[in-house]
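Chemist: Okay, so here is data_28.cif, and as you'll see once you scroll down, it has mmCIF, C-alpha atoms and all ligand atoms.
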```cif
data_coords
loop_
_atom_site.label_atom_id
_atom_site.label_comp_id
_atom_site.auth_asym_id
_atom_site.auth_seq_id
_atom_site.Cartn_x
_atom_site.Cartn_y
_atom_site.Cartn_z
CA MET A 1 23.54 2.27 33.14
CA LYS A 2 20.37 0.27 33.44
CA LYS A 3 18.41 0.77 30.25
CA ARG A 4 14.67 0.64 30.58
CA ILE A 5 12.67 1.11 27.41
CA LEU A 6 8.98 1.90 27.39
CA THR A 7 6.58 2.67 24.62
CA GLY A 8 2.83 3.08 24.29
CA ILE A 9 0.64 2.32 21.33
CA THR A 10 -2.56 4.30 21.00
CA THR A 11 -5.38 1.85 20.41
CA THR A 12 -6.90 3.10 17.20
CA GLY A 13 -7.07 1.09 14.00
CA THR A 14 -5.43 -2.17 13.00
CA PRO A 15 -1.66 -2.31 12.50
CA HIS A 16 -0.44 -2.47 8.89
CA ILE A 17 2.95 -3.09 7.35
CA GLY A 18 3.94 0.55 7.79
CA ASN A 19 3.42 0.24 11.57
CA TYR A 20 5.37 -3.00 11.52
CA ILE A 21 8.37 -1.53 9.70
CA GLY A 22 8.28 1.84 11.45
CA ALA A 23 7.37 0.95 15.03
CA ILE A 24 6.79 -2.67 16.00
CA ARG A 25 9.87 -4.32 14.52
CA PRO A 26 12.38 -1.65 15.66
CA ALA A 27 10.86 -1.56 19.16
CA LEU A 28 11.11 -5.33 19.50
CA ASP A 29 14.71 -5.18 18.25
CA LEU A 30 15.53 -2.82 21.10
CA VAL A 31 14.50 -5.39 23.68
CA GLU A 32 17.72 -7.26 23.16
CA ASP A 33 20.00 -4.54 24.42
CA SER A 34 17.89 -3.25 27.26
CA ASN A 35 17.52 -4.53 30.78
CA ASP A 36 13.80 -4.02 30.96
CA SER A 37 11.13 -3.29 28.42
CA PHE A 38 7.60 -2.05 28.79
CA PHE A 39 5.03 -2.10 25.99
CA PHE A 40 1.51 -1.00 26.70
CA LEU A 41 -1.79 -0.32 24.99
CA ALA A 42 -2.61 3.34 25.52
CA ASP A 43 -6.36 2.81 25.65
CA TYR A 44 -7.08 5.89 27.77
CA HIS A 45 -5.28 7.96 25.16
CA SER A 46 -7.41 6.50 22.42
CA ILE A 47 -10.73 7.73 23.85
CA ILE A 48 -9.55 11.31 23.39
CA LYS A 49 -10.09 11.18 19.66
CA ASN A 50 -12.44 8.25 19.21
CA GLN A 51 -15.66 7.88 21.10
CA ASN A 52 -16.85 4.83 19.21
CA SER A 53 -16.63 2.10 21.83
CA ASP A 54 -16.68 -0.73 19.27
CA ASP A 55 -13.71 0.80 17.44
CA ILE A 56 -11.77 1.10 20.67
CA SER A 57 -12.35 -2.45 21.85
CA ALA A 58 -11.66 -3.95 18.42
CA SER A 59 -8.46 -1.99 18.16
CA VAL A 60 -7.26 -3.02 21.62
CA LYS A 61 -7.65 -6.62 20.53
CA ASN A 62 -6.01 -6.15 17.12
CA ILE A 63 -3.06 -4.24 18.47
CA ALA A 64 -2.49 -6.72 21.30
CA LEU A 65 -2.64 -9.51 18.72
CA ALA A 66 -0.21 -7.73 16.42
CA TRP A 67 2.45 -7.25 19.10
CA LEU A 68 2.09 -10.78 20.38
CA SER A 69 2.15 -12.23 16.86
CA CYS A 70 5.23 -10.19 15.96
CA GLY A 71 7.12 -11.93 18.71
CA LEU A 72 6.76 -9.83 21.82
CA ASP A 73 7.80 -12.08 24.69
CA THR A 74 5.58 -11.45 27.69
CA ASN A 75 7.96 -13.31 29.99
CA SER A 76 10.89 -11.04 29.37
CA SER A 77 8.95 -7.78 29.04
CA TYR A 78 6.00 -5.99 30.58
CA PHE A 79 2.95 -5.96 28.30
CA TYR A 80 -0.21 -4.38 29.68
CA ARG A 81 -3.16 -2.11 29.14
CA GLN A 82 -2.79 1.39 30.47
CA SER A 83 -6.32 1.22 31.91
CA ASP A 84 -5.37 -1.80 34.02
CA ILE A 85 -2.93 0.36 35.99
CA PRO A 86 -5.11 2.96 37.72
CA GLU A 87 -2.01 4.36 39.43
CA ILE A 88 -1.10 5.91 36.08
CA ILE A 89 -4.27 7.99 36.12
CA GLU A 90 -3.61 8.99 39.69
CA LEU A 91 -0.09 10.09 38.79
CA SER A 92 -1.50 11.95 35.84
CA TRP A 93 -3.55 14.12 38.22
CA ILE A 94 -0.55 14.77 40.44
CA LEU A 95 1.44 15.82 37.39
CA ASN A 96 -1.41 18.08 36.25
CA CYS A 97 -0.80 20.01 39.44
CA VAL A 98 2.83 20.77 38.60
CA THR A 99 2.34 21.32 34.87
CA ALA A 100 2.13 24.88 33.59
CA LYS A 101 -0.94 25.50 31.48
CA GLY A 102 1.30 27.56 29.20
CA LEU A 103 3.37 24.48 28.44
CA MET A 104 0.25 22.63 27.30
CA ASN A 105 -0.84 25.62 25.20
CA ARG A 106 2.20 24.95 23.03
CA ALA A 107 1.42 21.27 22.32
CA HIS A 108 1.25 20.63 18.55
CA ALA A 109 -1.82 18.37 18.72
CA TYR A 110 -3.82 20.90 20.70
CA LYS A 111 -2.63 23.83 18.59
CA ALA A 112 -3.51 22.00 15.38
CA ALA A 113 -7.02 21.32 16.65
CA SER A 114 -7.65 24.86 17.83
CA SER A 115 -6.20 26.43 14.69
CA LEU A 116 -8.92 24.69 12.65
CA ASN A 117 -11.50 26.68 14.57
CA LYS A 118 -12.54 30.04 13.19
CA LYS A 119 -14.52 32.00 15.78
CA ASP A 120 -14.28 30.02 19.00
CA PRO A 121 -10.75 28.63 19.50
CA ASP A 122 -12.04 26.12 22.08
CA LYS A 123 -14.71 24.56 19.88
CA GLY A 124 -14.59 20.77 20.06
CA ILE A 125 -11.55 20.76 22.31
CA THR A 126 -11.74 18.60 25.40
CA LEU A 127 -9.61 18.80 28.50
CA GLY A 128 -8.51 15.29 27.57
CA LEU A 129 -6.91 16.56 24.36
CA PHE A 130 -5.36 19.47 26.20
CA ALA A 131 -3.88 17.25 28.91
CA TYR A 132 -2.82 14.45 26.54
CA PRO A 133 0.90 15.12 27.12
CA VAL A 134 0.44 14.90 30.91
CA LEU A 135 -1.07 11.42 30.69
CA MET A 136 1.80 10.45 28.44
CA ALA A 137 4.26 11.84 30.99
CA ALA A 138 2.58 9.72 33.69
CA ASP A 139 2.93 6.60 31.50
CA ILE A 140 6.63 7.22 31.16
CA LEU A 141 7.60 8.58 34.58
CA MET A 142 5.68 5.93 36.52
CA PHE A 143 8.19 3.30 35.47
CA ASP A 144 11.39 5.36 35.48
CA SER A 145 11.89 4.68 31.80
CA THR A 146 15.26 5.75 30.51
CA HIS A 147 14.55 5.37 26.78
CA VAL A 148 11.31 5.92 24.93
CA PRO A 149 11.03 4.76 21.31
CA VAL A 150 8.60 7.06 19.49
CA GLY A 151 7.79 8.46 16.07
CA SER A 152 9.09 11.95 15.32
CA ASP A 153 5.59 13.38 15.87
CA GLN A 154 6.01 12.53 19.55
CA ILE A 155 9.30 14.33 20.21
CA GLN A 156 7.54 17.34 21.65
CA HIS A 157 5.61 15.13 24.07
CA LEU A 158 8.88 13.66 25.28
CA GLU A 159 10.28 17.15 25.81
CA MET A 160 7.20 18.03 27.82
CA THR A 161 7.64 14.87 29.88
CA ARG A 162 11.20 15.91 30.64
CA ASP A 163 9.99 19.40 31.60
CA ILE A 164 7.28 18.08 33.88
CA ALA A 165 9.63 15.61 35.55
CA SER A 166 12.26 18.29 36.16
CA ARG A 167 9.65 20.60 37.61
CA PHE A 168 8.45 17.91 40.02
CA ASN A 169 12.00 16.91 40.93
CA HIS A 170 12.84 20.53 41.65
CA LEU A 171 9.68 21.27 43.66
CA TYR A 172 9.73 18.12 45.79
CA LYS A 173 12.48 15.54 45.49
CA PRO A 174 14.25 14.02 42.49
CA LEU A 175 12.01 10.99 42.24
CA PHE A 176 11.69 10.89 38.47
CA THR A 177 14.15 9.64 35.88
CA ILE A 178 14.50 12.03 32.94
CA PRO A 179 13.85 9.93 29.82
CA GLU A 180 15.53 10.11 26.41
CA PRO A 181 13.63 9.63 23.17
CA ILE A 182 14.71 7.07 20.60
CA ILE A 183 13.39 8.37 17.31
CA GLN A 184 12.26 5.43 15.26
CA ASP A 185 11.39 6.97 11.93
CA LYS A 186 14.33 9.35 11.52
CA GLU A 187 14.78 8.74 7.83
CA LYS A 188 12.01 6.29 7.28
CA VAL A 189 8.70 7.07 5.67
CA VAL A 190 7.09 3.83 4.56
CA LEU A 191 5.35 4.33 1.22
CA GLY A 192 1.86 2.97 0.59
CA LEU A 193 0.19 1.51 -2.51
CA ASP A 194 -0.20 4.90 -4.18
CA GLY A 195 3.31 6.16 -3.35
CA ARG A 196 2.18 8.45 -0.56
CA LYS A 197 3.06 7.71 3.07
CA MET A 198 1.36 4.47 4.12
CA SER A 199 -1.55 5.48 6.29
CA LYS A 200 -4.99 4.20 7.12
CA SER A 201 -6.42 7.63 6.37
CA TYR A 202 -5.18 7.42 2.75
CA GLY A 203 -6.54 3.87 2.34
CA ASN A 204 -3.20 2.80 0.83
CA VAL A 205 -2.02 0.25 3.37
CA ILE A 206 -0.61 -3.24 3.00
CA PRO A 207 -2.11 -5.47 5.69
CA LEU A 208 0.07 -7.15 8.30
CA LEU A 209 -2.17 -9.85 9.68
CA GLU A 210 -4.38 -10.85 6.77
CA SER A 211 -4.08 -13.98 4.62
CA GLU A 212 -1.25 -14.65 2.18
CA LYS A 213 -3.74 -14.16 -0.63
CA ASN A 214 -4.69 -10.68 0.56
CA LEU A 215 -1.06 -9.76 1.05
CA LYS A 216 -0.33 -10.72 -2.54
CA LYS A 217 -3.40 -8.94 -3.87
CA SER A 218 -2.39 -5.81 -2.11
CA ILE A 219 1.24 -5.90 -3.29
CA MET A 220 0.08 -6.42 -6.88
CA LYS A 221 -1.91 -3.17 -6.56
CA ILE A 222 1.16 -1.01 -5.89
CA VAL A 223 1.10 1.82 -8.43
CA THR A 224 4.07 1.82 -10.81
CA ASN A 225 4.84 3.69 -14.05
CA SER A 226 4.14 2.30 -17.50
CA LEU A 227 7.68 1.23 -18.47
CA GLU A 228 7.71 -2.05 -20.39
CA PRO A 229 9.67 -5.19 -19.49
CA GLY A 230 13.22 -4.79 -20.80
CA GLU A 231 13.31 -1.04 -20.15
CA PRO A 232 15.65 -0.03 -17.28
CA LYS A 233 13.75 1.22 -14.24
CA ASP A 234 14.59 3.84 -11.67
CA SER A 235 14.67 2.51 -8.11
CA LYS A 236 14.61 6.00 -6.61
CA GLY A 237 11.17 6.93 -5.28
CA CYS A 238 9.87 3.54 -6.42
CA THR A 239 7.44 2.08 -3.88
CA VAL A 240 8.25 -1.52 -4.79
CA PHE A 241 11.95 -0.94 -4.33
CA ASP A 242 11.44 1.08 -1.20
CA LEU A 243 9.45 -1.68 0.47
CA TYR A 244 11.95 -4.26 -0.69
CA LYS A 245 14.71 -2.34 1.10
CA SER A 246 12.79 -2.60 4.38
CA PHE A 247 12.99 -6.38 4.31
CA ALA A 248 16.13 -7.33 2.39
CA SER A 249 19.83 -7.76 3.16
CA ASP A 250 22.32 -5.34 1.56
CA GLU A 251 23.37 -8.00 -0.86
CA ALA A 252 19.81 -8.72 -1.97
CA ILE A 253 19.20 -4.99 -2.38
CA SER A 254 22.10 -4.64 -4.79
CA ASP A 255 20.90 -7.66 -6.75
CA PHE A 256 17.46 -6.12 -6.98
CA GLN A 257 19.02 -2.86 -8.17
CA GLN A 258 20.77 -4.84 -10.89
CA SER A 259 17.43 -6.32 -11.97
CA TYR A 260 16.00 -2.78 -12.20
CA ASP A 261 18.94 -1.72 -14.39
CA ASP A 262 18.35 -4.81 -16.52
CA GLY A 263 14.70 -3.93 -17.05
CA ILE A 264 12.82 -6.38 -14.83
CA SER A 265 9.05 -6.30 -15.47
CA TRP A 266 6.83 -4.76 -12.82
CA GLY A 267 4.96 -8.04 -12.42
CA GLU A 268 8.17 -9.88 -11.69
CA ALA A 269 9.48 -7.19 -9.34
CA LYS A 270 6.24 -7.35 -7.35
CA GLU A 271 6.40 -11.13 -7.24
CA ILE A 272 9.92 -10.92 -5.75
CA LEU A 273 8.75 -8.33 -3.26
CA PHE A 274 5.79 -10.46 -2.28
CA ASN A 275 7.97 -13.54 -1.69
CA LEU A 276 10.34 -11.59 0.50
CA ILE A 277 7.67 -9.96 2.65
CA ASN A 278 5.69 -13.15 2.84
CA LYS A 279 8.69 -15.04 4.18
CA GLU A 280 9.00 -12.63 7.08
CA LEU A 281 5.27 -12.43 7.74
CA GLU A 282 4.51 -16.13 7.57
CA PRO A 283 5.52 -16.98 11.15
CA ILE A 284 3.75 -13.85 12.35
CA ARG A 285 0.59 -14.90 10.55
CA ASN A 286 0.86 -18.39 12.00
CA ARG A 287 1.11 -17.07 15.54
CA TYR A 288 -1.79 -14.73 14.80
CA ASN A 289 -3.98 -17.58 13.59
CA ASP A 290 -3.20 -19.54 16.75
CA LEU A 291 -4.09 -16.60 18.96
CA VAL A 292 -6.95 -14.85 17.25
CA ASN A 293 -9.68 -17.04 18.67
CA ASP A 294 -8.08 -17.46 22.06
CA GLN A 295 -9.46 -14.38 23.81
CA ALA A 296 -8.89 -16.04 27.18
CA LEU A 297 -5.17 -16.33 26.53
CA ILE A 298 -4.86 -12.74 25.33
CA ASN A 299 -6.72 -11.53 28.41
CA ASP A 300 -4.56 -13.69 30.68
CA LEU A 301 -1.36 -12.37 29.17
CA LEU A 302 -2.53 -8.78 29.58
CA ASN A 303 -3.75 -9.37 33.12
CA ASP A 304 -0.47 -10.97 34.09
CA GLY A 305 1.42 -8.07 32.54
CA ALA A 306 -0.69 -5.57 34.46
CA LYS A 307 -0.15 -7.45 37.71
CA LYS A 308 3.62 -7.37 37.22
CA ALA A 309 3.69 -3.71 36.20
CA ARG A 310 1.33 -2.69 38.99
CA LEU A 311 3.74 -3.88 41.64
CA ILE A 312 6.21 -1.29 40.40
CA ALA A 313 3.53 1.38 39.94
CA LYS A 314 2.15 0.96 43.46
CA ASP A 315 5.57 1.32 45.05
CA LYS A 316 6.40 4.34 42.96
CA LEU A 317 3.10 6.01 43.66
CA SER A 318 3.38 5.57 47.41
CA GLU A 319 6.78 7.23 47.29
CA ILE A 320 5.30 10.08 45.28
CA ARG A 321 2.32 10.50 47.60
CA GLU A 322 4.64 10.63 50.57
CA VAL A 323 6.75 13.46 49.15
CA ILE A 324 3.75 15.56 48.17
CA GLY A 325 2.23 15.16 51.64
CA ILE A 326 -0.63 12.78 50.86
CA LYS A 327 0.17 10.36 53.66
CA SER A 328 -0.97 9.02 57.04
CA ILE A 329 -1.57 11.56 59.73
CA SER A 330 1.31 11.70 62.17
N1 LIG A 401 1.21 9.32 22.13
C1 LIG A 401 1.81 8.14 21.61
C2 LIG A 401 1.43 8.02 20.12
O1 LIG A 401 0.39 8.45 19.72
C3 LIG A 401 1.35 6.91 22.33
C4 LIG A 401 1.79 6.92 23.75
C5 LIG A 401 1.01 7.10 24.85
C6 LIG A 401 3.14 6.78 24.18
N2 LIG A 401 1.77 7.07 25.97
C7 LIG A 401 3.08 6.87 25.61
C8 LIG A 401 4.35 6.57 23.53
C9 LIG A 401 4.24 6.78 26.38
C10 LIG A 401 5.52 6.48 24.31
C11 LIG A 401 5.44 6.59 25.73
O2 LIG A 401 2.19 7.46 19.36
#
```
Would you write the structure of this file as structure tokens?
Ligand code: TRP

Modeler:
Amino acid sequence: MKKRILTGITTTGTPHIGNYIGAIRPALDLVEDSNDSFFFLADYHSIIKNQNSDDISASVKNIALAWLSCGLDTNSSYFYRQSDIPEIIELSWILNCVTAKGLMNRAHAYKAASSLNKKDPDKGITLGLFAYPVLMAADILMFDSTHVPVGSDQIQHLEMTRDIASRFNHLYKPLFTIPEPIIQDKEKVVLGLDGRKMSKSYGNVIPLLESEKNLKKSIMKIVTNSLEPGEPKDSKGCTVFDLYKSFASDEAISDFQQSYDDGISWGEAKEILFNLINKELEPIRNRYNDLVNDQALINDLLNDGAKKARLIAKDKLSEIREVIGIKSIS
């Protein structure tokens, strides 16, 4: 079967090492065994939760830079901004018209927001938040994606996409491919500097695109216990060890375990971790430094990606319009 992978990245924040390990690297690895791959910046999703226009535009740039620097090949895949494909928004409306409101009532993100409200359950809730899963369904169904790599928090959205597609297929004509999720973080929570999940909101992230010096500074700040050099150390639940595992071969991991048993000092363990991560990030950083001041190139790459993707989207949308009866008078 033709495998077409597609994934969207909401444009908020700047990618850190947790995003790299959990989402970017595994998604790029999937490119090799798929026929087609689509990666896009979900900028219309990002305005649902963030109305600071400077944040949004900075994040679009940083996220585009991160994916390009991490090796995304724009010749062999589709890389575009959601907002550059207006057909997606048009499809989103069409899907709104076959989506049960009751289905959206059950969406976790919407339920979480309304459960914070005491008196008025609708306080602060926009239609954008409510319809978030429909826009996501449009992203996916527009391109007949077969496989969608996502974090486990997005599984419900994928189920809703499948529901919406089936409903449309049943009502009109089976135009939509029913997509499968590929869960990227099944057993993987990347730990941050303080041992909690690495997340911008905890302020415990290790940067992906900053200088070597900042990478080192940040790794040296990882919280460890107070065991002295020479005392055996437990690798279980240890942030340093955990991060090491995300970058090392099996053989290197067992050597590192041996060093823990032998009582390696925390300073030395962090130094080894830094060297390993730095080796993988160095080429990424080099590409980043080449690109970061070349806005014209980034814009060109995204525009070309949108042009390519739009050809598919236009064809698909005209088929869809035809079956729903939005067509020339005859
Ligand atoms: N909602 C996804 C997230 O926050 C981002 C996203 C938008 C997406 N559209 C998509 C992911 C389509 C996969 C497919 O992570």

Chemist: Would you mind reading off the distance between CA of Val223 in chain A and CA of Asp255 in chain A, one decimal, in Å?

Modeler: 22.0 Å

Chemist: Range 319-323 of chain A: which residues within 9 Å, counting all atoms listed in the file, same-chain residues fewer than 5 positions away excluded, as a list in words?

Modeler: Leu91, Ile94, Tyr172, Lys173, Leu175, Lys314 and Ser328 of chain A

Chemist: Distance CA of Tyr202 in chain A-CA of Thr239 in chain A, one decimal place?

Modeler: 15.2 Å

Chemist: Name the closest residue to ligand LIG 401 (chain A) among the candidates A:Arg287, A:Lys101, A:His108, A:Lys236; distances are taken between atoms, counting all atoms listed in the file.

Modeler: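 Of all the options, A:His108 lies closest to ligand LIG 401 (chain A).
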
Chemist: Between CA of Ser254 in chain A and CA of Glu228 in chain A, what is the spacing in Å?

Modeler: 21.4 Å
